[in-house]
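For reference, the structure is listed below as structure tokens.
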Amino acid sequence: MDRVGNKVAIITGAANGMGKADAMLLAAQGAKVILTDVDELAGRDVAEKIGGNALFLRHDVTSEEDWKSVVAVAVEKYGRLDVLVNNAGIMFVDSLPDIELERFRLVNKVNSEGVFLGCKHSVPAMAASGGGSIINMSSVAAISGIGFALAYSASKGAVTSMTRSVAMYCRDQGNGVRCNSIHPDGVRTPMTARVFSGKDEATQEDLDALAGVTSMCEPEDIANMVLYLASDESRFVNGAQMLIDNGSTITPPISI
């Protein structure tokens with residue numbers, strides 16, 4: 001129960017879904033967790049449920065000033081930064097003929113630029129702490145694409161390539177920082193339920209409807225991978241693409 005004992009972790013988008021599950025598991029395994037989100041009410045509620053090892057900060061991942069502030073709080077309060085989970089993201093149904101340029105830019109600003117800013121401002125703090133682990137949330141969309149989510153697929157492709165670049169940079173610098181990406185298929189979260197229901201706000205019924213879908217996992221399945229990558233157990237895993245998709249990206253055999 002101490003796989004990340006005394007590590008300090010920042011988890012973005014931690015008010016619900018995957019980020020919430022990540023924060024709760026890392027805290028349960030000994031980490032001091034800084035939860036960030038634009039949803040202050042839900043984020044503070046999660047931090048209160050976790051208790052003394054948790055701190056919530058309002059954080060817009062597209063704001064460089066917000067990133068500087070969040071990293072500074074981690075270092076000032078806890079003296080170090082060991083783990084960053086770049087989890088915050090958005091998704092819309094937007095096929096090629098229908099998507100507008102502003103929507104495309106918005107999705108990429110949150111999903112791609114947000115990850116860039118997190119890596120840029122966390123690497124120096126981690127290096128000063130003796131090393132660390134950056135975990136970027138990508139998707140199977142980065143590998144196979146999603147026809148009804150063009151902007152999302154493009155943003156996650158950028159995250160995947162960026163992850164490899166950051167991993168190579170840190171390896172060459174010898175600063176002890178690792179960077180890996182996680183690639184789920186579907187995850188049963190409020191955001192996914194909203195996308196599949198076509199509603200602005202999904203209900204619990206919409207969320208329940210996703211249970212049992214073979215390519216749909218639970219947020220805790222992602223959190224278990226996050227815990228592994230955050231821990232020293234994965235000390236030689238760097239630049240990897242960790243699939244959590246129940247085999248959905250496997251190419252079917254050719255029929256003969």
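Residue names in the structure tokens use chain letters A, B, ... in the order shown, residue numbers from 1 in each chain, and ligand numbers from 1 in the order shown.
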Using the chain letters and numbers from this document, which residues of range 80-153 of chain A does DSSP assign to strand (DSSP E or B), as a short mmCIF file (atom, residue, chain, number, x, y, z; two decimals) with N, CA, C and O atoms, in the first residue's frame?
data_model
loop_
_atom_site.label_atom_id
_atom_site.label_comp_id
_atom_site.auth_asym_id
_atom_site.auth_seq_id
_atom_site.Cartn_x
_atom_site.Cartn_y
_atom_site.Cartn_z
N VAL A 83 5.66 13.39 -10.08
CA VAL A 83 4.73 12.79 -11.04
C VAL A 83 3.82 13.87 -11.61
O VAL A 83 3.31 14.72 -10.88
N LEU A 84 3.61 13.82 -12.92
CA LEU A 84 2.60 14.64 -13.57
C LEU A 84 1.71 13.73 -14.40
O LEU A 84 2.20 12.99 -15.25
N VAL A 85 0.41 13.81 -14.16
CA VAL A 85 -0.56 13.08 -14.98
C VAL A 85 -1.31 14.11 -15.81
O VAL A 85 -2.17 14.83 -15.30
N ASN A 86 -0.98 14.20 -17.09
CA ASN A 86 -1.65 15.12 -18.01
C ASN A 86 -2.94 14.46 -18.49
O ASN A 86 -2.98 13.83 -19.55
N ASP A 94 -17.37 15.41 -34.14
CA ASP A 94 -17.06 16.40 -35.16
C ASP A 94 -16.37 15.75 -36.35
O ASP A 94 -15.16 15.76 -36.45
N GLY A 132 11.62 11.96 -12.36
CA GLY A 132 10.19 11.83 -12.18
C GLY A 132 9.54 11.15 -13.36
O GLY A 132 10.20 10.66 -14.27
N SER A 133 8.21 11.13 -13.33
CA SER A 133 7.43 10.42 -14.34
C SER A 133 6.30 11.31 -14.85
O SER A 133 5.47 11.77 -14.07
N ILE A 134 6.29 11.56 -16.15
CA ILE A 134 5.19 12.27 -16.81
C ILE A 134 4.33 11.23 -17.51
O ILE A 134 4.84 10.40 -18.28
N ILE A 135 3.03 11.29 -17.25
CA ILE A 135 2.09 10.33 -17.83
C ILE A 135 1.07 11.11 -18.63
O ILE A 135 0.27 11.86 -18.07
N ASN A 136 1.12 10.97 -19.94
CA ASN A 136 0.23 11.71 -20.83
C ASN A 136 -0.92 10.84 -21.29
O ASN A 136 -0.70 9.73 -21.79
N MET A 137 -2.14 11.34 -21.11
CA MET A 137 -3.31 10.57 -21.51
C MET A 137 -3.57 10.77 -22.99
O MET A 137 -3.98 11.84 -23.43
N ALA A 149 -14.68 11.82 -34.63
CA ALA A 149 -14.00 12.74 -33.70
C ALA A 149 -12.65 13.15 -34.28
O ALA A 149 -11.60 12.75 -33.79
#
Exercise: Gly89 in chain A partners within 7 Å, only C-alpha atoms, chain neighbours under 2 positions left out, as a list of chain:residue names =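 Within the cut-off, the hits are A:Asn87, A:Met91, A:Val110, A:Asn111.
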Writing out the chosen residues with C-alpha atoms as a PDB file, in the first residue's frame:
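Printed below is part.pdb as written:
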ATOM      1  CA  ASN A  87      -5.226  13.892 -17.950  1.00  0.00           C
ATOM      2  CA  MET A  91     -14.001  15.590 -26.853  1.00  0.00           C
ATOM      3  CA  VAL A 110      -6.851  21.862 -24.419  1.00  0.00           C
ATOM      4  CA  ASN A 111      -5.689  18.371 -25.350  1.00  0.00           C
TER       5      ASN A 111
END
Shell of 12 Å around Tyr152 in chain A, only C-alpha atoms, local chain residues under 5 positions omitted, as a PDB file with N, CA, C and O atoms, in the first residue's frame:
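And here's result.pdb as it stands now:
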ATOM      1  N   GLY A  89      -8.816  16.845 -20.629  1.00  0.00           N
ATOM      2  CA  GLY A  89      -9.082  16.805 -22.059  1.00  0.00           C
ATOM      3  C   GLY A  89     -10.555  16.987 -22.356  1.00  0.00           C
ATOM      4  O   GLY A  89     -11.405  16.866 -21.465  1.00  0.00           O
ATOM      5  N   ILE A  90     -10.856  17.304 -23.610  1.00  0.00           N
ATOM      6  CA  ILE A  90     -12.240  17.448 -24.053  1.00  0.00           C
ATOM      7  C   ILE A  90     -12.421  16.689 -25.361  1.00  0.00           C
ATOM      8  O   ILE A  90     -11.468  16.421 -26.087  1.00  0.00           O
ATOM      9  N   MET A  91     -13.683  16.352 -25.649  1.00  0.00           N
ATOM     10  CA  MET A  91     -14.001  15.590 -26.853  1.00  0.00           C
ATOM     11  C   MET A  91     -15.382  15.994 -27.346  1.00  0.00           C
ATOM     12  O   MET A  91     -16.301  16.187 -26.557  1.00  0.00           O
ATOM     13  N   PHE A  92     -15.509  16.130 -28.671  1.00  0.00           N
ATOM     14  CA  PHE A  92     -16.797  16.428 -29.291  1.00  0.00           C
ATOM     15  C   PHE A  92     -16.986  15.514 -30.496  1.00  0.00           C
ATOM     16  O   PHE A  92     -16.012  15.000 -31.060  1.00  0.00           O
ATOM     17  N   VAL A  93     -18.223  15.326 -30.885  1.00  0.00           N
ATOM     18  CA  VAL A  93     -18.526  14.638 -32.142  1.00  0.00           C
ATOM     19  C   VAL A  93     -18.357  15.659 -33.256  1.00  0.00           C
ATOM     20  O   VAL A  93     -19.080  16.656 -33.303  1.00  0.00           O
ATOM     21  N   ASP A  94     -17.369  15.407 -34.137  1.00  0.00           N
ATOM     22  CA  ASP A  94     -17.058  16.404 -35.157  1.00  0.00           C
ATOM     23  C   ASP A  94     -16.366  15.746 -36.345  1.00  0.00           C
ATOM     24  O   ASP A  94     -15.155  15.757 -36.450  1.00  0.00           O
ATOM     25  N   SER A  95     -17.152  15.181 -37.252  1.00  0.00           N
ATOM     26  CA  SER A  95     -16.574  14.562 -38.442  1.00  0.00           C
ATOM     27  C   SER A  95     -16.068  15.638 -39.403  1.00  0.00           C
ATOM     28  O   SER A  95     -16.405  16.823 -39.273  1.00  0.00           O
ATOM     29  N   LEU A  96     -15.269  15.234 -40.369  1.00  0.00           N
ATOM     30  CA  LEU A  96     -14.580  16.169 -41.262  1.00  0.00           C
ATOM     31  C   LEU A  96     -15.503  17.189 -41.948  1.00  0.00           C
ATOM     32  O   LEU A  96     -15.198  18.386 -41.958  1.00  0.00           O
ATOM     33  N   ILE A  99     -16.973  19.833 -38.908  1.00  0.00           N
ATOM     34  CA  ILE A  99     -16.216  20.545 -37.873  1.00  0.00           C
ATOM     35  C   ILE A  99     -15.842  21.952 -38.330  1.00  0.00           C
ATOM     36  O   ILE A  99     -15.473  22.176 -39.482  1.00  0.00           O
ATOM     37  N   ARG A 103     -13.695  25.087 -33.378  1.00  0.00           N
ATOM     38  CA  ARG A 103     -13.843  23.884 -32.549  1.00  0.00           C
ATOM     39  C   ARG A 103     -12.576  23.033 -32.625  1.00  0.00           C
ATOM     40  O   ARG A 103     -12.111  22.514 -31.620  1.00  0.00           O
ATOM     41  N   PHE A 104     -12.022  22.899 -33.837  1.00  0.00           N
ATOM     42  CA  PHE A 104     -10.784  22.140 -34.009  1.00  0.00           C
ATOM     43  C   PHE A 104      -9.672  22.750 -33.157  1.00  0.00           C
ATOM     44  O   PHE A 104      -8.932  22.050 -32.467  1.00  0.00           O
ATOM     45  N   ARG A 105      -9.561  24.076 -33.200  1.00  0.00           N
ATOM     46  CA  ARG A 105      -8.514  24.761 -32.434  1.00  0.00           C
ATOM     47  C   ARG A 105      -8.731  24.605 -30.931  1.00  0.00           C
ATOM     48  O   ARG A 105      -7.775  24.435 -30.169  1.00  0.00           O
ATOM     49  N   LEU A 106      -9.975  24.663 -30.484  1.00  0.00           N
ATOM     50  CA  LEU A 106     -10.267  24.536 -29.057  1.00  0.00           C
ATOM     51  C   LEU A 106      -9.849  23.169 -28.529  1.00  0.00           C
ATOM     52  O   LEU A 106      -9.183  23.071 -27.489  1.00  0.00           O
ATOM     53  N   VAL A 107     -10.224  22.111 -29.236  1.00  0.00           N
ATOM     54  CA  VAL A 107      -9.882  20.758 -28.788  1.00  0.00           C
ATOM     55  C   VAL A 107      -8.374  20.573 -28.739  1.00  0.00           C
ATOM     56  O   VAL A 107      -7.829  20.017 -27.774  1.00  0.00           O
ATOM     57  N   ASN A 108      -7.680  21.050 -29.749  1.00  0.00           N
ATOM     58  CA  ASN A 108      -6.228  20.902 -29.770  1.00  0.00           C
ATOM     59  C   ASN A 108      -5.548  21.798 -28.740  1.00  0.00           C
ATOM     60  O   ASN A 108      -4.495  21.442 -28.198  1.00  0.00           O
ATOM     61  N   LYS A 109      -6.153  22.937 -28.444  1.00  0.00           N
ATOM     62  CA  LYS A 109      -5.584  23.824 -27.427  1.00  0.00           C
ATOM     63  C   LYS A 109      -5.615  23.150 -26.063  1.00  0.00           C
ATOM     64  O   LYS A 109      -4.623  23.160 -25.318  1.00  0.00           O
ATOM     65  N   VAL A 110      -6.736  22.540 -25.713  1.00  0.00           N
ATOM     66  CA  VAL A 110      -6.851  21.862 -24.419  1.00  0.00           C
ATOM     67  C   VAL A 110      -6.034  20.572 -24.402  1.00  0.00           C
ATOM     68  O   VAL A 110      -5.201  20.358 -23.513  1.00  0.00           O
ATOM     69  N   ASN A 111      -6.258  19.720 -25.386  1.00  0.00           N
ATOM     70  CA  ASN A 111      -5.689  18.371 -25.350  1.00  0.00           C
ATOM     71  C   ASN A 111      -4.210  18.298 -25.699  1.00  0.00           C
ATOM     72  O   ASN A 111      -3.491  17.452 -25.176  1.00  0.00           O
ATOM     73  N   SER A 112      -3.767  19.169 -26.598  1.00  0.00           N
ATOM     74  CA  SER A 112      -2.377  19.125 -27.042  1.00  0.00           C
ATOM     75  C   SER A 112      -1.518  20.217 -26.397  1.00  0.00           C
ATOM     76  O   SER A 112      -0.493  19.937 -25.772  1.00  0.00           O
ATOM     77  N   SER A 138      -3.325   9.722 -23.768  1.00  0.00           N
ATOM     78  CA  SER A 138      -3.614   9.750 -25.192  1.00  0.00           C
ATOM     79  C   SER A 138      -4.860   8.899 -25.429  1.00  0.00           C
ATOM     80  O   SER A 138      -5.782   8.906 -24.609  1.00  0.00           O
ATOM     81  N   SER A 139      -4.903   8.144 -26.510  1.00  0.00           N
ATOM     82  CA  SER A 139      -6.107   7.391 -26.858  1.00  0.00           C
ATOM     83  C   SER A 139      -5.780   6.449 -28.008  1.00  0.00           C
ATOM     84  O   SER A 139      -4.802   6.651 -28.736  1.00  0.00           O
ATOM     85  N   VAL A 140      -6.628   5.433 -28.193  1.00  0.00           N
ATOM     86  CA  VAL A 140      -6.498   4.605 -29.393  1.00  0.00           C
ATOM     87  C   VAL A 140      -6.763   5.449 -30.636  1.00  0.00           C
ATOM     88  O   VAL A 140      -6.368   5.076 -31.743  1.00  0.00           O
ATOM     89  N   ALA A 141      -7.419   6.604 -30.451  1.00  0.00           N
ATOM     90  CA  ALA A 141      -7.658   7.510 -31.580  1.00  0.00           C
ATOM     91  C   ALA A 141      -6.358   7.974 -32.211  1.00  0.00           C
ATOM     92  O   ALA A 141      -6.312   8.299 -33.397  1.00  0.00           O
ATOM     93  N   ALA A 142      -5.268   8.006 -31.420  1.00  0.00           N
ATOM     94  CA  ALA A 142      -3.962   8.399 -31.945  1.00  0.00           C
ATOM     95  C   ALA A 142      -3.371   7.309 -32.834  1.00  0.00           C
ATOM     96  O   ALA A 142      -2.463   7.574 -33.623  1.00  0.00           O
ATOM     97  N   GLY A 145      -7.377   6.338 -35.289  1.00  0.00           N
ATOM     98  CA  GLY A 145      -8.296   7.406 -35.662  1.00  0.00           C
ATOM     99  C   GLY A 145      -9.733   7.077 -35.269  1.00  0.00           C
ATOM    100  O   GLY A 145     -10.084   5.920 -35.053  1.00  0.00           O
ATOM    101  N   ILE A 146     -10.555   8.110 -35.144  1.00  0.00           N
ATOM    102  CA  ILE A 146     -11.988   7.955 -34.903  1.00  0.00           C
ATOM    103  C   ILE A 146     -12.707   8.823 -35.916  1.00  0.00           C
ATOM    104  O   ILE A 146     -12.523  10.039 -35.951  1.00  0.00           O
ATOM    105  N   GLY A 147     -13.516   8.215 -36.758  1.00  0.00           N
ATOM    106  CA  GLY A 147     -14.155   8.939 -37.845  1.00  0.00           C
ATOM    107  C   GLY A 147     -15.064  10.054 -37.404  1.00  0.00           C
ATOM    108  O   GLY A 147     -15.205  11.063 -38.102  1.00  0.00           O
ATOM    109  N   GLY A 157      -3.047  12.316 -31.397  1.00  0.00           N
ATOM    110  CA  GLY A 157      -1.868  11.996 -32.189  1.00  0.00           C
ATOM    111  C   GLY A 157      -0.709  12.904 -31.825  1.00  0.00           C
ATOM    112  O   GLY A 157       0.443  12.467 -31.706  1.00  0.00           O
ATOM    113  N   ALA A 158      -1.007  14.191 -31.614  1.00  0.00           N
ATOM    114  CA  ALA A 158       0.027  15.139 -31.197  1.00  0.00           C
ATOM    115  C   ALA A 158       0.586  14.774 -29.829  1.00  0.00           C
ATOM    116  O   ALA A 158       1.803  14.848 -29.598  1.00  0.00           O
ATOM    117  N   VAL A 159      -0.281  14.374 -28.912  1.00  0.00           N
ATOM    118  CA  VAL A 159       0.166  13.984 -27.571  1.00  0.00           C
ATOM    119  C   VAL A 159       1.112  12.793 -27.648  1.00  0.00           C
ATOM    120  O   VAL A 159       2.142  12.754 -26.962  1.00  0.00           O
ATOM    121  N   VAL A 195     -20.730  12.243 -24.824  1.00  0.00           N
ATOM    122  CA  VAL A 195     -20.463  12.122 -26.259  1.00  0.00           C
ATOM    123  C   VAL A 195     -21.379  11.088 -26.900  1.00  0.00           C
ATOM    124  O   VAL A 195     -21.983  11.325 -27.947  1.00  0.00           O
TER     125      VAL A 195
END
Option closest in space to Asp221 in chain A, from A:Asn246, A:Asn53, A:Ser165, A:Ser155 [counting only C-alpha atoms] = A:Asn246
ask   = Rounded to one decimal in Å, what is the spacing between CA of Ile182 in chain A and CA of Met1 in chain A?
value =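 It comes out at 22.9 Å.
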ask   = A:Ile10, A:Val166, A:Met18, A:Ala28: which is nearest Ile222 in chain A, counting only C-alpha atoms?
value =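 Distance minimum relative to Ile222 in chain A lands on A:Met18.
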message = Using only C-alpha atoms, which protein or nucleic acid residues come within 8 Å of range 223-225 of chain A? Drop anything in the same chain fewer than 3 positions from it, and give the result as a ChimeraX atom specification.
response = /A:18,21-22,25,182,219-220,228-229
Pick out the residues sitting within 10 Å of Gln173 in chain A, and hand them over as a CSV table (one decimal) with N, CA and C atoms, in the first residue's frame; count only C-alpha atoms, and ignore anything fewer than 5 positions along from it in its own chain.
chain,number,residue,atom,x,y,z
A,127,ALA,N,13.4,17.4,-12.6
A,127,ALA,CA,14.9,17.2,-12.7
A,127,ALA,C,15.6,17.7,-11.5
A,167,ALA,N,10.4,12.2,-24.0
A,167,ALA,CA,11.1,11.0,-23.5
A,167,ALA,C,12.6,11.0,-24.0
A,168,MET,N,12.7,11.2,-25.3
A,168,MET,CA,14.0,11.3,-25.9
A,168,MET,C,14.9,12.4,-25.4
query = From the list A:Thr249, A:Asn6, A:Asn16, A:Ser63, which residue is nearest Arg188 in chain A when using only C-alpha atoms?
reply = A:Asn16
message = Based on the backbone DSSP call, show me all residues of range 16-221 of chain A assigned alpha helix (DSSP H), as a PyMOL selection string.
response = chain A and resi 17-28+40-50+64-78+101-108+114-128+141-144+150-173+190-197+204-209+219-221
query = Interatomic distance between CA of Thr12 in chain A and CA of Asp37 in chain A?
reply =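 Distance reported for this atom pair: 6.0 Å.
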message = Taking only C-alpha atoms into account, name the residue in A:Ala27, A:Gly198, A:Ile244, A:Asp232 that is nearest to Ser181 in chain A.
response = A:Ile244
message = Between CA of Ile250 in chain A and CA of Ser231 in chain A, what distance in Å does the model show, to one decimal?
response = 28.1 Å
